[in-house]
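Engineer: Once you've had a glance at the structure underneath, I'll fire off some questions.
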Amino acid sequence: MTYERWTLRTDTTSYTVRLSPDGPWAELDAWGPHGCEDGPSALDWSRRTHFLTPADAAPAEYLPYGMRPFTGSDLVASRPGRERGVWWEFDGAEAGEGSLRLAFTDDVLGLRTVLCYATAPGTDVVLRWTEHTCTGDEPLRLERFDSAAVNVPAPDGVRLTYLTGQWSQEFQRTRLDLTRGAFTMGSVQGVPGHAYAPWLALQDRSAPQDGPSPAYGVALEWPGNWHITAEAEPGGAVRVRAGRVPHEGAVLLAPGDTLTTPRLACAFSPDGLDGLARVQHRYERRLTGGRLHRTRKVLYNSWEATGFDVDAAGQLQLAEAAAGIGAELFVVDDGWFTGRDDDTGGLGDWYPDPKAFPEGFDRFVADVRALGLDFGLWVEPEAVSPGSRLHAEHPDWVYRIDGRPARLVRNQLLLDLGREDVQDFVVATLDRLLTTYDISYLKWDMNRPPTERGRPGAGPADLLDLDAAHVTGYLRVLDHLRTAHPHVTVEGCAGGGGRVDHATLARTDVVWPSDNTAPLDRLRIQYGFLHAHAPHVMSSWVTDAPGVFDPRPRSLAFRFVTAICGVLGIGADLRAWNRGQRAEAARWVARYKQVRDVIHLGEARLLGTPDDPTCGVQYDAPDGTRIVVAAFSTGRLDGAPLVPGRPARLRLRALDPAARYHDAHTGAAYSGAHLLHYGLPFAWTARHDAELVELVKQ
């Protein structure tokens with residue numbers, strides 16, 4: 001019997017969906033390289049297990065509780081006070097070029113659900129999301145409304161790769177073999193959080209640890225509460241569900257209203273995690289749009305040097321030193337506004353402190369720009385200090401619960417950005433700063449999660465979707481910045497890497513992966529980050545910070561090469577550096593400027609891991625004529641080679657074996673075959689523990 005099928009084609013992959021022969025639902029027929037859909041489905045698990053319904057055993061794209069009662073449903077809906085469950089019928093398909101919409105209706109409940117698909121041109125990503133409309137005359141209670149479910153053929157279980165951590169140790173690559181049972185990660189902190197990134201990769205657990213093998217990945221586009229759940233069930237079914245998590249546990253959908261879930265980016269590569277990373281990178285370059293080709297300038301940020309002790313004279317000293325080593329942008333971090341002598345005050349009163357800038361802030365900005373530097377500013381628009389004028393005038397603007405204490409985190413409260421009046425205040429504040437002063441860079445920070453998350457006087461709490469409202473306000477402000485101030489570069493930060501997701505990346509230019517800038521710690525953070533995110537969004541600084549988790553010292557060169565792997569910044573107190581350090585820094589800044597177009601626009605390949613004595617990142621220019629390699633010695637501190645007299649070698653990938661490659665810095669020449677087979681040699685010593693190599697194809 002033939003059942004209706006639809007195939008979405010990306011650059012090199014196919015994603016085929018069919019109507020199930022077992023019931024009114026859609027299920028995955030094939031997902032992989034072009035042509036994988038020709039033949040019997042490898043995901044046909046129906047009728048292979050007992051004591052389950054066919055829906056429970058199916059590789060379903062999306063099924064509600066009621067129809068799929070046992071093995072994990074994607075939608076839990078009911079009328080208030082009534083039994084949970086949806087039993088729908090197929091209501092038609094709309095297929096277009098690179099898009100698909102499959103509709104299902106439950107007329108008894110009063111619900112219409114549309115499964116939405118779209119390809120992202122130029123990538124191997126299929127975007128999935130769901131639209132739920134209340135078609136009855138009573139509201140619906142949605143307890144769960146995931147964006148999508150993804151099925152992976154792995155009869156013996158999967159190897160999950162995900163990114164874990166904590167503040168100052170984000171994006172740690174972590175692995176888990178899942179043969180049976182469920183794995184869940186997520187956040188209810190109002191942001192994606194530091195503990196887990198909203199990204200997950202899956203491979204057959206028998207696949208090579210780091211070699212080429214089919215790899216599937218999902219990433220959720222949502223800067224609020226979220227979850228990703230992987231379930232390995234009897235019969236070889238491995239299924240991943242992902243979606244946002246409502247703050248009050250459910251959302252009420254009024255008659256006629258439609259709830260649209262966040263998009264889930266579904267990616268595939270036959271080339272393992274390294275290939276999957278390049279798929280993710282290409283997709284994030286697409287999210288960046290036309291701003292991708294704007295030069296990401298070398299930044300100097302004053303926080304590490306001065307902390308809250310900000311004044312015009314000290315900042316100008318730093319700006320002069322930064323200009324002297326080739327920086328192109330000077331950013332004043334926290335401490336520039338009234339009442340901000342420490343972290344107990346000032347937030348919300350966003351006016352330059354006249355004591356710190358006695359000749360006026362506009363004069364200070366002009367003096368910085370006279371050095372040939374662009375000017376940037378740190379803000380934390382969602383935060384407010386209890387002693388601020390803003391809080392005195394608008395105490396109702398903060399999240400709070402009547403009759404409960406207001407808990408301070410980092411000595412501050414959080415504004416309810418879901419309120420339109422709060423959004424209007426933030427927009428007006430940023431507009432005032434960006435039009436009054438010549439500011440071309442804005443660092444948006446967020447340093448506390450919502451704790452007592454309520455909005456007194458706004459009606460019953462279970463009718464308020466506070467998490468979604470905050471996300472809507474946050475995105476509205478970022479969209480306004482893009483439209484009203486297109487020349488301003490925006491950096492996203494949340495106590496480090498606490499809010500890194502596709503919705504944020506689509507509206508900012510760079511993000512801050514972590515507050516930890518120590519060399520070996522940062523190398524691990526960036527190694528994990530680059531599995532899921534692109535180099536052109538990865539802001540990275542050179543500082544003097546000692547190691548937190550790995551205290552072994554490394555050279556200034558190591559710190560620079562690490563930072564050059566993304567968007568180079570400097571945060572050290574340059575006033576304390578000697579002439580030799582500044583001269584070395586100037587050389588590294590100049591080299592970065594020569595290769596940043598390859599790093600930000602090229603294809604990145606992860607060479608080894610930080611656990612290896614030598615590891616690196618290879619960046620290939622789009623036209624293949626230039627190869628940039630950032631290489632690191634992570635081994636013994638004395639720098640001695642494992643075999644005396646022999647250099648360490650780093651095998652490169654995807655070169656033309658018949659071509660010759662010329663080192664633009666040393667003049668050395670290699671055949672492509674040599675670099676692929678033996679690798680690029682590095683004679684590490686205690687003082688030479690990192691290198692940046694630019695190879696030009698002859």
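So you can find residues: chains in the structure tokens are A, B, ... in the order shown, residues in each start at 1, and ligands are numbered from 1 in order.
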Give me the region 217-295 of chain A side of the contact with region 598-601 of chain A, cut-off 12 Å, one line per residue showing its nearest atom pair and distance in Å at one decimal, counting only C-alpha atoms, sorted by chain and residue number, as a Markdown table.
Structural biologist:
```
| residue | atom | partner | partner_atom | distance |
| --- | --- | --- | --- | --- |
| A:Arg278 | CA | A:Leu601 | CA | 11.4 |
| A:His281 | CA | A:Leu601 | CA | 9.5 |
| A:Arg282 | CA | A:Leu601 | CA | 9.1 |
| A:Glu284 | CA | A:Leu601 | CA | 11.0 |
| A:Arg285 | CA | A:Leu601 | CA | 8.0 |
| A:Arg286 | CA | A:Leu601 | CA | 11.0 |
| A:Thr288 | CA | A:Leu601 | CA | 11.4 |
| A:Arg291 | CA | A:Leu601 | CA | 11.7 |
| A:Leu292 | CA | A:Leu601 | CA | 8.0 |
| A:His293 | CA | A:Leu601 | CA | 8.1 |
| A:Arg294 | CA | A:His600 | CA | 10.3 |
| A:Thr295 | CA | A:His600 | CA | 9.2 |
```
Engineer: With a distance cut-off of 6 Å and only C-alpha atoms, select the neighbouring residues of region 299-307 of chain A, excluding the residue or stretch itself and same-chain residues fewer than 5 positions from it, and output the selection as a PDB file with N, CA and C atoms, in the first residue's frame.
Structural biologist:
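The file below, part-v9.pdb, is the result:
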```pdb
ATOM      1  N   ALA A 327      44.350  47.991  18.678  1.00  0.00           N
ATOM      2  CA  ALA A 327      42.921  47.809  18.912  1.00  0.00           C
ATOM      3  C   ALA A 327      42.129  48.814  18.091  1.00  0.00           C
ATOM      4  N   LEU A 329      38.578  49.316  18.836  1.00  0.00           N
ATOM      5  CA  LEU A 329      37.335  49.595  19.540  1.00  0.00           C
ATOM      6  C   LEU A 329      37.627  49.589  21.033  1.00  0.00           C
ATOM      7  N   PHE A 330      37.107  50.589  21.750  1.00  0.00           N
ATOM      8  CA  PHE A 330      37.304  50.690  23.197  1.00  0.00           C
ATOM      9  C   PHE A 330      35.943  50.633  23.874  1.00  0.00           C
ATOM     10  N   VAL A 331      35.776  49.681  24.797  1.00  0.00           N
ATOM     11  CA  VAL A 331      34.497  49.486  25.474  1.00  0.00           C
ATOM     12  C   VAL A 331      34.662  49.738  26.965  1.00  0.00           C
ATOM     13  N   VAL A 332      33.870  50.655  27.497  1.00  0.00           N
ATOM     14  CA  VAL A 332      33.827  50.889  28.935  1.00  0.00           C
ATOM     15  C   VAL A 332      32.787  49.942  29.520  1.00  0.00           C
ATOM     16  N   ASP A 333      33.218  49.136  30.454  1.00  0.00           N
ATOM     17  CA  ASP A 333      32.330  48.135  31.041  1.00  0.00           C
ATOM     18  C   ASP A 333      31.599  48.741  32.246  1.00  0.00           C
ATOM     19  N   GLY A 569      39.540  40.045  21.317  1.00  0.00           N
ATOM     20  CA  GLY A 569      39.438  41.165  22.238  1.00  0.00           C
ATOM     21  C   GLY A 569      40.585  41.117  23.227  1.00  0.00           C
ATOM     22  N   ILE A 570      40.814  42.226  23.903  1.00  0.00           N
ATOM     23  CA  ILE A 570      41.872  42.315  24.913  1.00  0.00           C
ATOM     24  C   ILE A 570      41.247  42.923  26.159  1.00  0.00           C
ATOM     25  N   GLY A 571      41.527  42.330  27.314  1.00  0.00           N
ATOM     26  CA  GLY A 571      40.953  42.835  28.550  1.00  0.00           C
ATOM     27  C   GLY A 571      41.969  42.987  29.659  1.00  0.00           C
ATOM     28  N   ALA A 572      43.245  42.766  29.372  1.00  0.00           N
ATOM     29  CA  ALA A 572      44.282  42.896  30.394  1.00  0.00           C
ATOM     30  C   ALA A 572      44.521  44.364  30.728  1.00  0.00           C
ATOM     31  N   ASP A 573      45.138  44.600  31.875  1.00  0.00           N
ATOM     32  CA  ASP A 573      45.529  45.965  32.245  1.00  0.00           C
ATOM     33  C   ASP A 573      46.819  46.293  31.502  1.00  0.00           C
TER      34      ASP A 573
END
```
Engineer: Run DSSP on the backbone and give me the residues of region 640-679 of chain A it puts in helix (DSSP H, G or I), as a list in words.
Structural biologist: Gly672, Ala673, His674, Leu675, Leu676 and His677 of chain A
Engineer: Hey, what's within 10 Å of Ala58 (chain A) if we count only C-alpha atoms and toss same-chain stuff fewer than 4 positions away? As a PDB file with all heavy atoms, in the first residue's frame, please?
Structural biologist:
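File result.pdb, as written:
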```
ATOM      1  N   SER A  20       1.509   7.932   8.481  1.00  0.00           N
ATOM      2  CA  SER A  20       1.690   6.583   8.993  1.00  0.00           C
ATOM      3  C   SER A  20       0.624   5.641   8.449  1.00  0.00           C
ATOM      4  O   SER A  20      -0.542   6.024   8.321  1.00  0.00           O
ATOM      5  CB  SER A  20       1.622   6.595  10.516  1.00  0.00           C
ATOM      6  OG  SER A  20       1.616   5.280  11.026  1.00  0.00           O
ATOM      7  N   ASP A  22      -0.379   3.318  10.224  1.00  0.00           N
ATOM      8  CA  ASP A  22      -1.021   2.814  11.438  1.00  0.00           C
ATOM      9  C   ASP A  22      -2.011   3.790  12.063  1.00  0.00           C
ATOM     10  O   ASP A  22      -2.706   3.428  13.009  1.00  0.00           O
ATOM     11  CB  ASP A  22       0.042   2.462  12.488  1.00  0.00           C
ATOM     12  CG  ASP A  22       0.947   1.334  12.023  1.00  0.00           C
ATOM     13  OD1 ASP A  22       0.414   0.335  11.521  1.00  0.00           O
ATOM     14  OD2 ASP A  22       2.167   1.464  12.154  1.00  0.00           O
ATOM     15  N   GLY A  23      -2.059   5.022  11.584  1.00  0.00           N
ATOM     16  CA  GLY A  23      -2.970   5.969  12.217  1.00  0.00           C
ATOM     17  C   GLY A  23      -2.784   7.367  11.686  1.00  0.00           C
ATOM     18  O   GLY A  23      -1.908   7.628  10.848  1.00  0.00           O
ATOM     19  N   TRP A  25      -1.172  10.185  11.896  1.00  0.00           N
ATOM     20  CA  TRP A  25      -0.030  10.969  12.333  1.00  0.00           C
ATOM     21  C   TRP A  25       1.050  10.917  11.266  1.00  0.00           C
ATOM     22  O   TRP A  25       1.033  10.077  10.367  1.00  0.00           O
ATOM     23  CB  TRP A  25       0.517  10.468  13.672  1.00  0.00           C
ATOM     24  CG  TRP A  25       1.004   9.049  13.689  1.00  0.00           C
ATOM     25  CD1 TRP A  25       2.185   8.577  13.207  1.00  0.00           C
ATOM     26  CD2 TRP A  25       0.313   7.914  14.229  1.00  0.00           C
ATOM     27  NE1 TRP A  25       2.283   7.225  13.397  1.00  0.00           N
ATOM     28  CE2 TRP A  25       1.155   6.788  14.042  1.00  0.00           C
ATOM     29  CE3 TRP A  25      -0.919   7.730  14.861  1.00  0.00           C
ATOM     30  CZ2 TRP A  25       0.791   5.514  14.450  1.00  0.00           C
ATOM     31  CZ3 TRP A  25      -1.269   6.457  15.279  1.00  0.00           C
ATOM     32  CH2 TRP A  25      -0.430   5.373  15.070  1.00  0.00           C
ATOM     33  N   ALA A  26       1.997  11.846  11.385  1.00  0.00           N
ATOM     34  CA  ALA A  26       3.150  11.883  10.482  1.00  0.00           C
ATOM     35  C   ALA A  26       4.320  11.205  11.162  1.00  0.00           C
ATOM     36  O   ALA A  26       4.494  11.303  12.385  1.00  0.00           O
ATOM     37  CB  ALA A  26       3.499  13.321  10.136  1.00  0.00           C
ATOM     38  N   GLU A  27       5.143  10.522  10.365  1.00  0.00           N
ATOM     39  CA  GLU A  27       6.332   9.901  10.928  1.00  0.00           C
ATOM     40  C   GLU A  27       7.502  10.043   9.957  1.00  0.00           C
ATOM     41  O   GLU A  27       7.326  10.255   8.756  1.00  0.00           O
ATOM     42  CB  GLU A  27       6.084   8.435  11.272  1.00  0.00           C
ATOM     43  CG  GLU A  27       5.656   7.557  10.122  1.00  0.00           C
ATOM     44  CD  GLU A  27       5.246   6.168  10.604  1.00  0.00           C
ATOM     45  OE1 GLU A  27       4.702   6.058  11.729  1.00  0.00           O
ATOM     46  OE2 GLU A  27       5.471   5.204   9.856  1.00  0.00           O
ATOM     47  N   LEU A  28       8.695   9.954  10.525  1.00  0.00           N
ATOM     48  CA  LEU A  28       9.904  10.099   9.718  1.00  0.00           C
ATOM     49  C   LEU A  28      10.141   8.837   8.911  1.00  0.00           C
ATOM     50  O   LEU A  28      10.145   7.726   9.451  1.00  0.00           O
ATOM     51  CB  LEU A  28      11.102  10.383  10.623  1.00  0.00           C
ATOM     52  CG  LEU A  28      12.431  10.652   9.910  1.00  0.00           C
ATOM     53  CD1 LEU A  28      12.342  11.898   9.038  1.00  0.00           C
ATOM     54  CD2 LEU A  28      13.560  10.800  10.930  1.00  0.00           C
ATOM     55  N   LEU A  43      13.424   3.288   9.668  1.00  0.00           N
ATOM     56  CA  LEU A  43      12.808   3.725  10.917  1.00  0.00           C
ATOM     57  C   LEU A  43      11.423   3.132  11.119  1.00  0.00           C
ATOM     58  O   LEU A  43      10.659   3.609  11.960  1.00  0.00           O
ATOM     59  CB  LEU A  43      12.703   5.265  10.943  1.00  0.00           C
ATOM     60  CG  LEU A  43      14.029   6.016  10.948  1.00  0.00           C
ATOM     61  CD1 LEU A  43      14.338   6.549   9.559  1.00  0.00           C
ATOM     62  CD2 LEU A  43      14.011   7.141  11.954  1.00  0.00           C
ATOM     63  N   ASP A  44      11.084   2.100  10.376  1.00  0.00           N
ATOM     64  CA  ASP A  44       9.760   1.501  10.507  1.00  0.00           C
ATOM     65  C   ASP A  44       9.766   0.537  11.693  1.00  0.00           C
ATOM     66  O   ASP A  44      10.112  -0.630  11.573  1.00  0.00           O
ATOM     67  CB  ASP A  44       9.384   0.761   9.220  1.00  0.00           C
ATOM     68  CG  ASP A  44       7.950   0.239   9.265  1.00  0.00           C
ATOM     69  OD1 ASP A  44       7.269   0.492  10.278  1.00  0.00           O
ATOM     70  OD2 ASP A  44       7.524  -0.411   8.301  1.00  0.00           O
ATOM     71  N   TRP A  45       9.407   1.088  12.863  1.00  0.00           N
ATOM     72  CA  TRP A  45       9.422   0.282  14.080  1.00  0.00           C
ATOM     73  C   TRP A  45       8.019  -0.190  14.473  1.00  0.00           C
ATOM     74  O   TRP A  45       7.841  -0.788  15.526  1.00  0.00           O
ATOM     75  CB  TRP A  45      10.009   1.105  15.238  1.00  0.00           C
ATOM     76  CG  TRP A  45      11.390   1.557  14.986  1.00  0.00           C
ATOM     77  CD1 TRP A  45      12.422   0.809  14.502  1.00  0.00           C
ATOM     78  CD2 TRP A  45      11.913   2.868  15.194  1.00  0.00           C
ATOM     79  NE1 TRP A  45      13.558   1.568  14.399  1.00  0.00           N
ATOM     80  CE2 TRP A  45      13.281   2.843  14.820  1.00  0.00           C
ATOM     81  CE3 TRP A  45      11.384   4.061  15.673  1.00  0.00           C
ATOM     82  CZ2 TRP A  45      14.100   3.949  14.906  1.00  0.00           C
ATOM     83  CZ3 TRP A  45      12.194   5.167  15.759  1.00  0.00           C
ATOM     84  CH2 TRP A  45      13.539   5.119  15.372  1.00  0.00           C
ATOM     85  N   SER A  46       7.023   0.102  13.671  1.00  0.00           N
ATOM     86  CA  SER A  46       5.657  -0.241  14.054  1.00  0.00           C
ATOM     87  C   SER A  46       5.470  -1.759  14.104  1.00  0.00           C
ATOM     88  O   SER A  46       6.111  -2.520  13.365  1.00  0.00           O
ATOM     89  CB  SER A  46       4.672   0.372  13.054  1.00  0.00           C
ATOM     90  OG  SER A  46       4.921  -0.125  11.754  1.00  0.00           O
ATOM     91  N   ARG A  47       4.610  -2.174  14.995  1.00  0.00           N
ATOM     92  CA  ARG A  47       4.222  -3.579  15.157  1.00  0.00           C
ATOM     93  C   ARG A  47       5.390  -4.477  15.571  1.00  0.00           C
ATOM     94  O   ARG A  47       5.322  -5.680  15.432  1.00  0.00           O
ATOM     95  CB  ARG A  47       3.573  -4.122  13.864  1.00  0.00           C
ATOM     96  CG  ARG A  47       2.310  -3.360  13.453  1.00  0.00           C
ATOM     97  CD  ARG A  47       1.795  -3.819  12.116  1.00  0.00           C
ATOM     98  NE  ARG A  47       2.726  -3.576  11.035  1.00  0.00           N
ATOM     99  CZ  ARG A  47       2.889  -2.398  10.437  1.00  0.00           C
ATOM    100  NH1 ARG A  47       2.164  -1.357  10.820  1.00  0.00           N
ATOM    101  NH2 ARG A  47       3.755  -2.253   9.462  1.00  0.00           N
ATOM    102  N   ARG A  48       6.448  -3.899  16.096  1.00  0.00           N
ATOM    103  CA  ARG A  48       7.590  -4.713  16.509  1.00  0.00           C
ATOM    104  C   ARG A  48       7.627  -4.944  18.024  1.00  0.00           C
ATOM    105  O   ARG A  48       8.485  -5.678  18.495  1.00  0.00           O
ATOM    106  CB  ARG A  48       8.898  -4.056  16.072  1.00  0.00           C
ATOM    107  CG  ARG A  48       9.077  -4.057  14.556  1.00  0.00           C
ATOM    108  CD  ARG A  48      10.435  -3.529  14.180  1.00  0.00           C
ATOM    109  NE  ARG A  48      10.585  -3.454  12.737  1.00  0.00           N
ATOM    110  CZ  ARG A  48      11.663  -2.967  12.127  1.00  0.00           C
ATOM    111  NH1 ARG A  48      12.665  -2.528  12.838  1.00  0.00           N
ATOM    112  NH2 ARG A  48      11.733  -2.928  10.815  1.00  0.00           N
ATOM    113  N   THR A  53       0.863   0.709  22.074  1.00  0.00           N
ATOM    114  CA  THR A  53       0.036   1.036  20.926  1.00  0.00           C
ATOM    115  C   THR A  53       0.931   1.269  19.713  1.00  0.00           C
ATOM    116  O   THR A  53       2.132   1.552  19.864  1.00  0.00           O
ATOM    117  CB  THR A  53      -0.787   2.308  21.197  1.00  0.00           C
ATOM    118  OG1 THR A  53       0.106   3.444  21.179  1.00  0.00           O
ATOM    119  CG2 THR A  53      -1.500   2.234  22.531  1.00  0.00           C
ATOM    120  N   PRO A  54       0.407   1.160  18.502  1.00  0.00           N
ATOM    121  CA  PRO A  54       1.225   1.482  17.323  1.00  0.00           C
ATOM    122  C   PRO A  54       1.815   2.888  17.383  1.00  0.00           C
ATOM    123  O   PRO A  54       2.945   3.109  16.928  1.00  0.00           O
ATOM    124  CB  PRO A  54       0.238   1.331  16.164  1.00  0.00           C
ATOM    125  CG  PRO A  54      -0.776   0.354  16.655  1.00  0.00           C
ATOM    126  CD  PRO A  54      -0.920   0.635  18.122  1.00  0.00           C
ATOM    127  N   LEU A  63       3.234  13.704  18.267  1.00  0.00           N
ATOM    128  CA  LEU A  63       2.013  13.022  18.688  1.00  0.00           C
ATOM    129  C   LEU A  63       1.602  13.490  20.075  1.00  0.00           C
ATOM    130  O   LEU A  63       2.456  13.704  20.949  1.00  0.00           O
ATOM    131  CB  LEU A  63       2.204  11.505  18.701  1.00  0.00           C
ATOM    132  CG  LEU A  63       1.775  10.772  17.428  1.00  0.00           C
ATOM    133  CD1 LEU A  63       2.123   9.302  17.511  1.00  0.00           C
ATOM    134  CD2 LEU A  63       0.286  10.957  17.172  1.00  0.00           C
ATOM    135  N   ARG A  68      -0.701   8.805  21.992  1.00  0.00           N
ATOM    136  CA  ARG A  68       0.579   8.182  22.353  1.00  0.00           C
ATOM    137  C   ARG A  68       0.687   8.221  23.887  1.00  0.00           C
ATOM    138  O   ARG A  68       1.289   9.124  24.453  1.00  0.00           O
ATOM    139  CB  ARG A  68       1.735   8.940  21.688  1.00  0.00           C
ATOM    140  CG  ARG A  68       3.115   8.307  21.859  1.00  0.00           C
ATOM    141  CD  ARG A  68       4.180   9.196  21.206  1.00  0.00           C
ATOM    142  NE  ARG A  68       5.511   8.664  21.408  1.00  0.00           N
ATOM    143  CZ  ARG A  68       6.205   7.953  20.518  1.00  0.00           C
ATOM    144  NH1 ARG A  68       5.658   7.677  19.350  1.00  0.00           N
ATOM    145  NH2 ARG A  68       7.413   7.524  20.783  1.00  0.00           N
ATOM    146  N   THR A  71       5.023   6.286  25.667  1.00  0.00           N
ATOM    147  CA  THR A  71       6.456   6.430  25.397  1.00  0.00           C
ATOM    148  C   THR A  71       6.879   7.859  25.112  1.00  0.00           C
ATOM    149  O   THR A  71       7.875   8.091  24.440  1.00  0.00           O
ATOM    150  CB  THR A  71       6.872   5.528  24.217  1.00  0.00           C
ATOM    151  OG1 THR A  71       6.083   5.857  23.067  1.00  0.00           O
ATOM    152  CG2 THR A  71       6.693   4.074  24.561  1.00  0.00           C
ATOM    153  N   ASN A 151      13.636  11.573  15.297  1.00  0.00           N
ATOM    154  CA  ASN A 151      13.890  10.137  15.415  1.00  0.00           C
ATOM    155  C   ASN A 151      15.223   9.787  14.771  1.00  0.00           C
ATOM    156  O   ASN A 151      15.553  10.290  13.693  1.00  0.00           O
ATOM    157  CB  ASN A 151      12.773   9.359  14.726  1.00  0.00           C
ATOM    158  CG  ASN A 151      11.430   9.577  15.397  1.00  0.00           C
ATOM    159  OD1 ASN A 151      11.073   8.884  16.335  1.00  0.00           O
ATOM    160  ND2 ASN A 151      10.673  10.570  14.933  1.00  0.00           N
ATOM    161  N   ALA A 237      13.953   2.280  19.054  1.00  0.00           N
ATOM    162  CA  ALA A 237      13.510   3.654  18.848  1.00  0.00           C
ATOM    163  C   ALA A 237      14.302   4.605  19.730  1.00  0.00           C
ATOM    164  O   ALA A 237      14.361   4.431  20.945  1.00  0.00           O
ATOM    165  CB  ALA A 237      12.023   3.770  19.168  1.00  0.00           C
ATOM    166  N   ARG A 239      14.346   8.698  20.268  1.00  0.00           N
ATOM    167  CA  ARG A 239      13.527   9.853  19.904  1.00  0.00           C
ATOM    168  C   ARG A 239      13.895  11.026  20.799  1.00  0.00           C
ATOM    169  O   ARG A 239      14.051  10.870  22.008  1.00  0.00           O
ATOM    170  CB  ARG A 239      12.052   9.481  20.063  1.00  0.00           C
ATOM    171  CG  ARG A 239      11.063  10.411  19.409  1.00  0.00           C
ATOM    172  CD  ARG A 239       9.693   9.720  19.335  1.00  0.00           C
ATOM    173  NE  ARG A 239       8.702  10.564  18.683  1.00  0.00           N
ATOM    174  CZ  ARG A 239       7.889  11.399  19.335  1.00  0.00           C
ATOM    175  NH1 ARG A 239       7.967  11.503  20.657  1.00  0.00           N
ATOM    176  NH2 ARG A 239       7.009  12.129  18.679  1.00  0.00           N
TER     177      ARG A 239
END
```
Engineer: By how many Å are CA of Ser187 (chain A) and CA of Val158 (chain A) apart?
Structural biologist: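 We find that CA of Ser187 (chain A) and CA of Val158 (chain A) lie 23.1 Å from each other.
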Engineer: List as a list in words the protein and nucleic acid residues near region 345-347 of chain A, meaning an atom at most 7 Å away when only C-alpha atoms are counted, but skip any in the same chain fewer than 5 places from it.
Structural biologist: Phe337, Thr338, Gly339, Arg340, Ala383, Val384, Ser385, Gly387 and Ser388 of chain A
Engineer: So what do you get for CA of Arg524 (chain A) versus CA of Gly566 (chain A), distance-wise?
Structural biologist: 13.6 Å
Engineer: Neighbours of Arg400 (chain A) within 9 Å (only C-alpha atoms; same-chain residues fewer than 5 positions away dropped), as a list in words?
Structural biologist: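 Answer for this query is Pro405, Ala406, Thr451, Glu452, Arg453, Gly454, Arg455 and Pro456 of chain A.
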Engineer: Quick one: write out the picked residues with N, CA and C atoms as a short mmCIF file (atom, residue, chain, number, x, y, z; two decimals), in the first residue's frame?
Structural biologist:
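result.cif, freshly written:
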```
data_model
loop_
_atom_site.label_atom_id
_atom_site.label_comp_id
_atom_site.auth_asym_id
_atom_site.auth_seq_id
_atom_site.Cartn_x
_atom_site.Cartn_y
_atom_site.Cartn_z
N PRO A 405 9.15 37.74 50.33
CA PRO A 405 10.32 38.63 50.29
C PRO A 405 10.91 38.73 48.89
N ALA A 406 11.46 39.89 48.59
CA ALA A 406 12.17 40.08 47.31
C ALA A 406 13.62 39.67 47.52
N THR A 451 13.72 34.99 40.14
CA THR A 451 13.45 34.11 41.28
C THR A 451 11.96 34.18 41.65
N GLU A 452 11.53 35.25 42.31
CA GLU A 452 10.11 35.40 42.65
C GLU A 452 9.39 35.95 41.42
N ARG A 453 9.04 35.05 40.52
CA ARG A 453 8.57 35.50 39.21
C ARG A 453 7.05 35.62 39.22
N GLY A 454 6.59 36.79 39.55
CA GLY A 454 5.17 37.06 39.56
C GLY A 454 4.90 38.48 39.10
N ARG A 455 3.64 38.77 38.78
CA ARG A 455 3.23 40.11 38.35
C ARG A 455 1.91 40.45 39.06
N PRO A 456 2.00 40.92 40.31
CA PRO A 456 0.78 41.20 41.08
C PRO A 456 -0.11 42.21 40.36
#
```
Engineer: Quick one: DSSP strand (DSSP E or B) residues in region 72-251 of chain A, as a ChimeraX atom specification?
Structural biologist: /A:75-78,86,89-96,99-106,111-119,125-134,140-145,148-153,158-164,172-178,181-187,196-204,215-220,226-233,237-244,251
Engineer: Of the candidates A:Arg507, A:Arg653, A:Arg9, A:Lys443, which one gets nearest to Gly290 (chain A) if we count only C-alpha atoms?
Structural biologist: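 That would be A:Arg507, the residue with the smallest distance to Gly290 (chain A).
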Engineer: Using only C-alpha atoms, which protein or nucleic acid residues come within 12 Å of Thr483 (chain A)? Drop anything in the same chain fewer than 6 positions from it, and give the result as a PyMOL selection string.
Structural biologist: chain A and resi 427+431+476-477+507
Engineer: Save the residues we just selected, N, CA and C atoms, as a short mmCIF file (atom, residue, chain, number, x, y, z; two decimals), in the first residue's frame?
Structural biologist:
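File written: out.cif
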```cif
data_model
loop_
_atom_site.label_atom_id
_atom_site.label_comp_id
_atom_site.auth_asym_id
_atom_site.auth_seq_id
_atom_site.Cartn_x
_atom_site.Cartn_y
_atom_site.Cartn_z
N VAL A 427 13.82 50.60 25.71
CA VAL A 427 14.02 51.14 24.37
C VAL A 427 14.40 52.62 24.44
N ASP A 431 17.89 54.20 23.24
CA ASP A 431 17.82 55.23 22.20
C ASP A 431 18.54 56.50 22.67
N ARG A 476 12.00 41.95 21.28
CA ARG A 476 11.50 43.21 20.73
C ARG A 476 12.55 44.31 20.85
N VAL A 477 13.23 44.39 22.00
CA VAL A 477 14.25 45.42 22.18
C VAL A 477 15.42 45.18 21.23
N ARG A 507 20.07 38.11 16.44
CA ARG A 507 19.83 39.53 16.71
C ARG A 507 21.03 40.23 17.32
#
```
